[in-house]
Amino acid sequence: MANETIYTKKLNAELFELETKIEKLQKFIDYDDFLSISTINQMLLANQMVGMAMYRDSLHKRIKLAENNIKYTVQVLPQSNGYLNLNRREQVWYLLPNNNVGDYQTHFTQSEIDEMKDNPFFAAINWDNVKIEPVEDK
């Protein structure tokens with residue numbers, strides 16, 4: 001498994017844990033028990049909530065960056081010549097083998113794939129049947 005994939009999984013696990021803690025703190029703040037603690041403790045908890053929310057936003061950005069560093073192949077047809085390839089020089093798309101050499105780009109980031117899915121040029125592709133796999137580090 002690629003290091004970027006492991007890193008992204010760890011960030012997602014950390015984000016899930018943080019969001020669970022934020023939810024629990026929010027529930028405490030929403031109940032009457034919050035009003036029974038001192039004003040200073042209320043302020044400290046409110047500041048903690050703000051800090052946790054800021055860290056959550058930071059984790060979202062780090063995950064997005066990590067996902068954009070991972071490259072994927074996009075196999076549209078179940079044969080060796082079924083991979084999307086972009087000729088970068090000509091800006092023309094082909095279905096070719098998974099080579100990623102010369103002017104041909106076969107490895108794409110998640111954001112590039114998301115752009116493909118929104119591009120009317122690829123409207124005929126049933127994205128539910130497309131095989132998208134991470135490229136193994138060599």
# chains A, B, ... in the order shown; residues from 1 in each chain; ligands from 1
$ residues_around --residues "A:Glu67" --least-positions-apart "3" --cutoff "12 Å" --atoms "only C-alpha atoms" --output "PyMOL selection string"
chain A and resi 2-9+11-12+60-64+70-72+108-114+134
$ write_last_selection --atoms "N, CA and C atoms" --output "PDB file, in the first residue's frame"
ATOM      1  N   ALA A   2       0.547   2.248  -0.784  1.00  0.00           N
ATOM      2  CA  ALA A   2       1.350   3.449  -0.900  1.00  0.00           C
ATOM      3  C   ALA A   2       1.345   4.223   0.410  1.00  0.00           C
ATOM      4  N   ASN A   3       2.473   4.908   0.678  1.00  0.00           N
ATOM      5  CA  ASN A   3       2.567   5.710   1.902  1.00  0.00           C
ATOM      6  C   ASN A   3       1.503   6.788   1.958  1.00  0.00           C
ATOM      7  N   GLU A   4       1.172   7.376   0.792  1.00  0.00           N
ATOM      8  CA  GLU A   4       0.146   8.409   0.757  1.00  0.00           C
ATOM      9  C   GLU A   4      -1.212   7.852   1.173  1.00  0.00           C
ATOM     10  N   THR A   5      -1.492   6.612   0.776  1.00  0.00           N
ATOM     11  CA  THR A   5      -2.757   5.981   1.130  1.00  0.00           C
ATOM     12  C   THR A   5      -2.824   5.750   2.637  1.00  0.00           C
ATOM     13  N   ILE A   6      -1.738   5.258   3.213  1.00  0.00           N
ATOM     14  CA  ILE A   6      -1.672   5.033   4.659  1.00  0.00           C
ATOM     15  C   ILE A   6      -1.838   6.363   5.388  1.00  0.00           C
ATOM     16  N   TYR A   7      -1.141   7.404   4.919  1.00  0.00           N
ATOM     17  CA  TYR A   7      -1.214   8.726   5.524  1.00  0.00           C
ATOM     18  C   TYR A   7      -2.649   9.258   5.473  1.00  0.00           C
ATOM     19  N   THR A   8      -3.304   9.114   4.343  1.00  0.00           N
ATOM     20  CA  THR A   8      -4.677   9.585   4.189  1.00  0.00           C
ATOM     21  C   THR A   8      -5.609   8.826   5.119  1.00  0.00           C
ATOM     22  N   LYS A   9      -5.416   7.510   5.245  1.00  0.00           N
ATOM     23  CA  LYS A   9      -6.264   6.722   6.151  1.00  0.00           C
ATOM     24  C   LYS A   9      -6.088   7.182   7.590  1.00  0.00           C
ATOM     25  N   LEU A  11      -5.171  10.192   8.599  1.00  0.00           N
ATOM     26  CA  LEU A  11      -5.814  11.503   8.723  1.00  0.00           C
ATOM     27  C   LEU A  11      -7.327  11.355   8.822  1.00  0.00           C
ATOM     28  N   ASN A  12      -7.910  10.474   8.027  1.00  0.00           N
ATOM     29  CA  ASN A  12      -9.360  10.249   8.084  1.00  0.00           C
ATOM     30  C   ASN A  12      -9.778   9.672   9.423  1.00  0.00           C
ATOM     31  N   HIS A  60      -9.197  18.628   7.234  1.00  0.00           N
ATOM     32  CA  HIS A  60      -9.867  18.542   5.932  1.00  0.00           C
ATOM     33  C   HIS A  60      -8.922  18.982   4.820  1.00  0.00           C
ATOM     34  N   LYS A  61      -8.200  20.085   5.039  1.00  0.00           N
ATOM     35  CA  LYS A  61      -7.269  20.585   4.029  1.00  0.00           C
ATOM     36  C   LYS A  61      -6.112  19.607   3.811  1.00  0.00           C
ATOM     37  N   ARG A  62      -5.582  19.044   4.902  1.00  0.00           N
ATOM     38  CA  ARG A  62      -4.476  18.088   4.785  1.00  0.00           C
ATOM     39  C   ARG A  62      -4.916  16.832   4.039  1.00  0.00           C
ATOM     40  N   ILE A  63      -6.126  16.374   4.298  1.00  0.00           N
ATOM     41  CA  ILE A  63      -6.654  15.186   3.601  1.00  0.00           C
ATOM     42  C   ILE A  63      -6.796  15.487   2.114  1.00  0.00           C
ATOM     43  N   LYS A  64      -7.317  16.653   1.799  1.00  0.00           N
ATOM     44  CA  LYS A  64      -7.491  17.030   0.395  1.00  0.00           C
ATOM     45  C   LYS A  64      -6.132  17.068  -0.313  1.00  0.00           C
ATOM     46  N   ILE A  70      -1.987  11.374  -4.409  1.00  0.00           N
ATOM     47  CA  ILE A  70      -2.122   9.975  -4.802  1.00  0.00           C
ATOM     48  C   ILE A  70      -2.569   9.941  -6.255  1.00  0.00           C
ATOM     49  N   LYS A  71      -1.915   9.107  -7.031  1.00  0.00           N
ATOM     50  CA  LYS A  71      -2.275   8.973  -8.443  1.00  0.00           C
ATOM     51  C   LYS A  71      -3.066   7.685  -8.638  1.00  0.00           C
ATOM     52  N   TYR A  72      -3.993   7.729  -9.595  1.00  0.00           N
ATOM     53  CA  TYR A  72      -4.862   6.596  -9.878  1.00  0.00           C
ATOM     54  C   TYR A  72      -4.855   6.297 -11.380  1.00  0.00           C
ATOM     55  N   PHE A 108      -3.670   9.799 -12.670  1.00  0.00           N
ATOM     56  CA  PHE A 108      -4.387  11.036 -12.394  1.00  0.00           C
ATOM     57  C   PHE A 108      -4.647  11.179 -10.896  1.00  0.00           C
ATOM     58  N   THR A 109      -4.725  12.425 -10.432  1.00  0.00           N
ATOM     59  CA  THR A 109      -5.099  12.681  -9.041  1.00  0.00           C
ATOM     60  C   THR A 109      -6.617  12.568  -8.899  1.00  0.00           C
ATOM     61  N   GLN A 110      -7.083  12.497  -7.661  1.00  0.00           N
ATOM     62  CA  GLN A 110      -8.525  12.417  -7.421  1.00  0.00           C
ATOM     63  C   GLN A 110      -9.229  13.654  -7.963  1.00  0.00           C
ATOM     64  N   SER A 111      -8.628  14.822  -7.803  1.00  0.00           N
ATOM     65  CA  SER A 111      -9.284  16.035  -8.304  1.00  0.00           C
ATOM     66  C   SER A 111      -9.362  16.023  -9.831  1.00  0.00           C
ATOM     67  N   GLU A 112      -8.355  15.474 -10.509  1.00  0.00           N
ATOM     68  CA  GLU A 112      -8.417  15.355 -11.968  1.00  0.00           C
ATOM     69  C   GLU A 112      -9.541  14.393 -12.378  1.00  0.00           C
ATOM     70  N   ILE A 113      -9.694  13.307 -11.631  1.00  0.00           N
ATOM     71  CA  ILE A 113     -10.762  12.343 -11.922  1.00  0.00           C
ATOM     72  C   ILE A 113     -12.130  12.980 -11.675  1.00  0.00           C
ATOM     73  N   ASP A 114     -12.247  13.752 -10.601  1.00  0.00           N
ATOM     74  CA  ASP A 114     -13.509  14.442 -10.319  1.00  0.00           C
ATOM     75  C   ASP A 114     -13.863  15.407 -11.453  1.00  0.00           C
ATOM     76  N   PRO A 134      -5.397   2.932  -7.181  1.00  0.00           N
ATOM     77  CA  PRO A 134      -4.185   3.704  -6.903  1.00  0.00           C
ATOM     78  C   PRO A 134      -2.974   3.080  -7.612  1.00  0.00           C
TER      79      PRO A 134
END
$ select_by_dssp --residues "stretch 30-127 of chain A" --states "alpha helix (DSSP H)" --output "PyMOL selection string"
chain A and resi 30+39-69+110-118
$ residues_around --residues "A:Leu95" --least-positions-apart "2" --cutoff "8 Å" --atoms "only C-alpha atoms" --output "VMD selection string"
chain A and resid 76 81 to 85 93 97
$ residues_around --residues "A:Asn129" --least-positions-apart "2" --cutoff "10 Å" --atoms "only C-alpha atoms" --output "list of chain:residue names"
A:Gln75, A:Val76, A:Leu77, A:Pro78, A:Ile125, A:Asn126, A:Trp127, A:Lys131, A:Ile132
$ atom_distance --atom1 "atom CA of A:Val92" --atom2 "atom CA of A:Val135"
22.0 Å
$ atom_distance --atom1 "atom CA of A:Val74" --atom2 "atom CA of A:Asn98"
8.9 Å
$ residues_around --residues "A:Leu86" --least-positions-apart "6" --cutoff "8 Å" --atoms "only C-alpha atoms" --output "number ranges by chain"
A: 92-94, 103-106
$ closest_residue --among "A:Met54, A:Val130, A:Leu65, A:Met49" --to "A:Gln79" --atoms "only C-alpha atoms"
A:Val130
$ residues_around --residues "stretch 43-46 of chain A" --least-positions-apart "4" --cutoff "12 Å" --atoms "only C-alpha atoms" --output "ChimeraX atom specification"
/A:22,24-26,28-30,34-35,37-39,50-53
$ write_last_selection --atoms "all heavy atoms" --output "compact mmCIF listing (two decimals), in the first residue's frame"
# COMPACT_ATOMS: atom_id res chain seq x y z
N ILE A 22 -16.09 16.44 19.07
CA ILE A 22 -16.80 17.70 18.89
C ILE A 22 -18.30 17.49 19.11
O ILE A 22 -18.96 18.30 19.77
CB ILE A 22 -16.52 18.30 17.49
CG1 ILE A 22 -15.09 18.82 17.41
CG2 ILE A 22 -17.52 19.40 17.15
CD1 ILE A 22 -14.66 19.28 16.02
N LYS A 24 -19.75 15.19 20.95
CA LYS A 24 -20.01 14.97 22.38
C LYS A 24 -19.95 16.28 23.15
O LYS A 24 -20.79 16.53 24.03
CB LYS A 24 -19.00 13.98 22.95
CG LYS A 24 -19.25 12.55 22.52
CD LYS A 24 -18.22 11.62 23.10
CE LYS A 24 -18.46 10.19 22.62
NZ LYS A 24 -17.44 9.26 23.15
N LEU A 25 -18.96 17.12 22.83
CA LEU A 25 -18.85 18.41 23.51
C LEU A 25 -20.05 19.29 23.19
O LEU A 25 -20.60 19.95 24.07
CB LEU A 25 -17.54 19.11 23.12
CG LEU A 25 -17.28 20.47 23.76
CD1 LEU A 25 -17.30 20.38 25.28
CD2 LEU A 25 -15.94 21.01 23.28
N GLN A 26 -20.50 19.27 21.94
CA GLN A 26 -21.66 20.06 21.55
C GLN A 26 -22.91 19.60 22.29
O GLN A 26 -23.72 20.43 22.72
CB GLN A 26 -21.88 19.99 20.03
CG GLN A 26 -22.96 20.91 19.53
CD GLN A 26 -22.63 22.38 19.77
OE1 GLN A 26 -21.57 22.85 19.39
NE2 GLN A 26 -23.53 23.10 20.42
N PHE A 28 -22.99 18.29 25.26
CA PHE A 28 -22.87 18.78 26.63
C PHE A 28 -23.24 20.27 26.70
O PHE A 28 -23.96 20.69 27.60
CB PHE A 28 -21.45 18.56 27.17
CG PHE A 28 -21.24 19.15 28.54
CD1 PHE A 28 -21.76 18.51 29.66
CD2 PHE A 28 -20.54 20.33 28.70
CE1 PHE A 28 -21.59 19.05 30.92
CE2 PHE A 28 -20.35 20.87 29.96
CZ PHE A 28 -20.88 20.23 31.08
N ILE A 29 -22.75 21.03 25.74
CA ILE A 29 -23.04 22.47 25.73
C ILE A 29 -24.53 22.72 25.53
O ILE A 29 -25.10 23.65 26.11
CB ILE A 29 -22.20 23.18 24.63
CG1 ILE A 29 -20.72 23.19 25.04
CG2 ILE A 29 -22.69 24.59 24.35
CD1 ILE A 29 -19.78 23.68 23.97
N ASP A 30 -25.20 21.89 24.74
CA ASP A 30 -26.62 22.08 24.45
C ASP A 30 -27.52 21.74 25.64
O ASP A 30 -28.67 22.19 25.69
CB ASP A 30 -27.03 21.24 23.25
CG ASP A 30 -26.44 21.77 21.95
OD1 ASP A 30 -26.01 22.94 21.91
OD2 ASP A 30 -26.40 21.01 20.96
N PHE A 34 -24.47 22.43 31.18
CA PHE A 34 -23.47 23.42 30.79
C PHE A 34 -23.67 24.72 31.58
O PHE A 34 -22.73 25.36 31.99
CB PHE A 34 -23.54 23.68 29.28
CG PHE A 34 -22.55 24.70 28.79
CD1 PHE A 34 -21.20 24.41 28.74
CD2 PHE A 34 -22.98 25.95 28.35
CE1 PHE A 34 -20.28 25.34 28.27
CE2 PHE A 34 -22.07 26.88 27.88
CZ PHE A 34 -20.71 26.58 27.84
N LEU A 35 -24.94 25.08 31.78
CA LEU A 35 -25.24 26.32 32.49
C LEU A 35 -24.92 26.22 33.98
O LEU A 35 -24.79 27.25 34.64
CB LEU A 35 -26.71 26.69 32.29
CG LEU A 35 -27.13 26.95 30.84
CD1 LEU A 35 -28.63 27.19 30.76
CD2 LEU A 35 -26.35 28.11 30.25
N ILE A 37 -22.14 25.02 35.25
CA ILE A 37 -20.71 25.17 35.54
C ILE A 37 -20.36 26.66 35.52
O ILE A 37 -21.11 27.50 35.02
CB ILE A 37 -19.83 24.38 34.55
CG1 ILE A 37 -20.00 24.88 33.12
CG2 ILE A 37 -20.12 22.90 34.64
CD1 ILE A 37 -19.05 24.23 32.12
N SER A 38 -19.21 27.00 36.08
CA SER A 38 -18.81 28.40 36.20
C SER A 38 -18.64 29.05 34.83
O SER A 38 -18.40 28.38 33.83
CB SER A 38 -17.51 28.51 37.00
OG SER A 38 -16.44 28.00 36.22
N THR A 39 -18.73 30.36 34.83
CA THR A 39 -18.58 31.13 33.59
C THR A 39 -17.21 30.91 32.98
O THR A 39 -17.08 30.80 31.75
CB THR A 39 -18.81 32.63 33.87
OG1 THR A 39 -20.09 32.79 34.49
CG2 THR A 39 -18.77 33.43 32.60
N VAL A 50 -13.87 25.97 19.67
CA VAL A 50 -13.35 26.75 18.55
C VAL A 50 -12.03 26.14 18.06
O VAL A 50 -11.82 25.95 16.86
CB VAL A 50 -13.15 28.23 18.95
CG1 VAL A 50 -12.37 28.98 17.88
CG2 VAL A 50 -14.51 28.89 19.18
N GLY A 51 -11.16 25.78 19.00
CA GLY A 51 -9.88 25.17 18.64
C GLY A 51 -10.06 23.85 17.92
O GLY A 51 -9.38 23.56 16.93
N MET A 52 -10.98 23.04 18.40
CA MET A 52 -11.26 21.75 17.76
C MET A 52 -11.81 21.94 16.35
O MET A 52 -11.45 21.22 15.42
CB MET A 52 -12.23 20.92 18.62
CG MET A 52 -11.60 20.45 19.92
SD MET A 52 -12.82 19.81 21.10
CE MET A 52 -13.17 18.20 20.42
N ALA A 53 -12.67 22.94 16.17
CA ALA A 53 -13.25 23.22 14.86
C ALA A 53 -12.16 23.69 13.89
O ALA A 53 -12.14 23.30 12.72
CB ALA A 53 -14.36 24.26 14.97
$ select_by_dssp --residues "chain A" --states "strand (DSSP E or B)" --output "PDB file with N, CA, C and O atoms, in the first residue's frame"
ATOM      1  N   TYR A  72      -3.993   7.729  -9.595  1.00  0.00           N
ATOM      2  CA  TYR A  72      -4.862   6.596  -9.878  1.00  0.00           C
ATOM      3  C   TYR A  72      -4.855   6.297 -11.380  1.00  0.00           C
ATOM      4  O   TYR A  72      -4.653   7.199 -12.200  1.00  0.00           O
ATOM      5  N   THR A  73      -5.118   5.045 -11.714  1.00  0.00           N
ATOM      6  CA  THR A  73      -5.400   4.690 -13.096  1.00  0.00           C
ATOM      7  C   THR A  73      -6.911   4.653 -13.257  1.00  0.00           C
ATOM      8  O   THR A  73      -7.647   4.377 -12.300  1.00  0.00           O
ATOM      9  N   VAL A  74      -7.366   4.940 -14.469  1.00  0.00           N
ATOM     10  CA  VAL A  74      -8.796   4.953 -14.772  1.00  0.00           C
ATOM     11  C   VAL A  74      -9.021   3.965 -15.911  1.00  0.00           C
ATOM     12  O   VAL A  74      -8.755   4.266 -17.069  1.00  0.00           O
ATOM     13  N   GLN A  75      -9.481   2.767 -15.545  1.00  0.00           N
ATOM     14  CA  GLN A  75      -9.705   1.720 -16.538  1.00  0.00           C
ATOM     15  C   GLN A  75     -11.181   1.702 -16.913  1.00  0.00           C
ATOM     16  O   GLN A  75     -12.030   1.279 -16.143  1.00  0.00           O
ATOM     17  N   TYR A  83      -7.444   1.805 -20.613  1.00  0.00           N
ATOM     18  CA  TYR A  83      -7.131   2.876 -19.665  1.00  0.00           C
ATOM     19  C   TYR A  83      -7.218   4.239 -20.327  1.00  0.00           C
ATOM     20  O   TYR A  83      -6.755   4.422 -21.461  1.00  0.00           O
ATOM     21  N   LEU A  84      -7.777   5.204 -19.601  1.00  0.00           N
ATOM     22  CA  LEU A  84      -7.792   6.561 -20.110  1.00  0.00           C
ATOM     23  C   LEU A  84      -6.368   7.097 -20.144  1.00  0.00           C
ATOM     24  O   LEU A  84      -5.615   6.967 -19.182  1.00  0.00           O
ATOM     25  N   ASN A  85      -6.009   7.677 -21.270  1.00  0.00           N
ATOM     26  CA  ASN A  85      -4.700   8.299 -21.466  1.00  0.00           C
ATOM     27  C   ASN A  85      -4.924   9.680 -22.060  1.00  0.00           C
ATOM     28  O   ASN A  85      -5.695   9.829 -23.006  1.00  0.00           O
ATOM     29  N   LEU A  86      -4.226  10.654 -21.530  1.00  0.00           N
ATOM     30  CA  LEU A  86      -4.270  11.998 -22.078  1.00  0.00           C
ATOM     31  C   LEU A  86      -2.942  12.284 -22.755  1.00  0.00           C
ATOM     32  O   LEU A  86      -1.881  12.180 -22.132  1.00  0.00           O
ATOM     33  N   ASN A  87      -2.999  12.611 -24.051  1.00  0.00           N
ATOM     34  CA  ASN A  87      -1.798  13.072 -24.731  1.00  0.00           C
ATOM     35  C   ASN A  87      -1.664  14.546 -24.352  1.00  0.00           C
ATOM     36  O   ASN A  87      -2.417  15.390 -24.822  1.00  0.00           O
ATOM     37  N   VAL A  92      -5.426  15.420 -26.322  1.00  0.00           N
ATOM     38  CA  VAL A  92      -6.382  14.467 -26.894  1.00  0.00           C
ATOM     39  C   VAL A  92      -6.423  13.237 -25.989  1.00  0.00           C
ATOM     40  O   VAL A  92      -5.387  12.773 -25.509  1.00  0.00           O
ATOM     41  N   TRP A  93      -7.614  12.697 -25.772  1.00  0.00           N
ATOM     42  CA  TRP A  93      -7.815  11.528 -24.927  1.00  0.00           C
ATOM     43  C   TRP A  93      -7.823  10.262 -25.773  1.00  0.00           C
ATOM     44  O   TRP A  93      -8.382  10.243 -26.865  1.00  0.00           O
ATOM     45  N   TYR A  94      -7.220   9.190 -25.222  1.00  0.00           N
ATOM     46  CA  TYR A  94      -7.175   7.889 -25.882  1.00  0.00           C
ATOM     47  C   TYR A  94      -7.468   6.797 -24.863  1.00  0.00           C
ATOM     48  O   TYR A  94      -7.280   6.990 -23.662  1.00  0.00           O
ATOM     49  N   LEU A  95      -7.889   5.632 -25.358  1.00  0.00           N
ATOM     50  CA  LEU A  95      -7.930   4.416 -24.545  1.00  0.00           C
ATOM     51  C   LEU A  95      -6.736   3.580 -24.980  1.00  0.00           C
ATOM     52  O   LEU A  95      -6.666   3.106 -26.111  1.00  0.00           O
ATOM     53  N   LEU A  96      -5.787   3.434 -24.059  1.00  0.00           N
ATOM     54  CA  LEU A  96      -4.519   2.758 -24.336  1.00  0.00           C
ATOM     55  C   LEU A  96      -4.110   1.957 -23.105  1.00  0.00           C
ATOM     56  O   LEU A  96      -4.770   2.003 -22.070  1.00  0.00           O
ATOM     57  N   TYR A 104       2.106  10.831 -22.786  1.00  0.00           N
ATOM     58  CA  TYR A 104       0.844  10.248 -22.329  1.00  0.00           C
ATOM     59  C   TYR A 104       0.763  10.193 -20.812  1.00  0.00           C
ATOM     60  O   TYR A 104       1.650   9.670 -20.145  1.00  0.00           O
ATOM     61  N   GLN A 105      -0.327  10.736 -20.303  1.00  0.00           N
ATOM     62  CA  GLN A 105      -0.606  10.694 -18.874  1.00  0.00           C
ATOM     63  C   GLN A 105      -1.680   9.652 -18.628  1.00  0.00           C
ATOM     64  O   GLN A 105      -2.792   9.753 -19.148  1.00  0.00           O
ATOM     65  N   PHE A 108      -3.670   9.799 -12.670  1.00  0.00           N
ATOM     66  CA  PHE A 108      -4.387  11.036 -12.394  1.00  0.00           C
ATOM     67  C   PHE A 108      -4.647  11.179 -10.896  1.00  0.00           C
ATOM     68  O   PHE A 108      -4.822  10.194 -10.193  1.00  0.00           O
ATOM     69  N   LYS A 131     -13.041   1.174 -13.346  1.00  0.00           N
ATOM     70  CA  LYS A 131     -12.127   0.655 -12.326  1.00  0.00           C
ATOM     71  C   LYS A 131     -11.051   1.715 -12.061  1.00  0.00           C
ATOM     72  O   LYS A 131     -10.218   1.993 -12.916  1.00  0.00           O
ATOM     73  N   ILE A 132     -11.121   2.325 -10.876  1.00  0.00           N
ATOM     74  CA  ILE A 132     -10.155   3.355 -10.485  1.00  0.00           C
ATOM     75  C   ILE A 132      -9.311   2.776  -9.357  1.00  0.00           C
ATOM     76  O   ILE A 132      -9.824   2.434  -8.299  1.00  0.00           O
ATOM     77  N   GLU A 133      -8.001   2.656  -9.627  1.00  0.00           N
ATOM     78  CA  GLU A 133      -7.107   2.034  -8.651  1.00  0.00           C
ATOM     79  C   GLU A 133      -5.883   2.905  -8.414  1.00  0.00           C
ATOM     80  O   GLU A 133      -5.364   3.527  -9.358  1.00  0.00           O
ATOM     81  N   PRO A 134      -5.397   2.932  -7.181  1.00  0.00           N
ATOM     82  CA  PRO A 134      -4.185   3.704  -6.903  1.00  0.00           C
ATOM     83  C   PRO A 134      -2.974   3.080  -7.612  1.00  0.00           C
ATOM     84  O   PRO A 134      -2.891   1.870  -7.770  1.00  0.00           O
TER      85      PRO A 134
END
$ atom_distance --atom1 "atom CA of A:His107" --atom2 "atom CA of A:Asp57"
28.2 Å
$ closest_residue --among "A:Tyr31, A:Leu59, A:Asp118, A:Ser80" --to "A:Glu17" --atoms "only C-alpha atoms"
A:Leu59
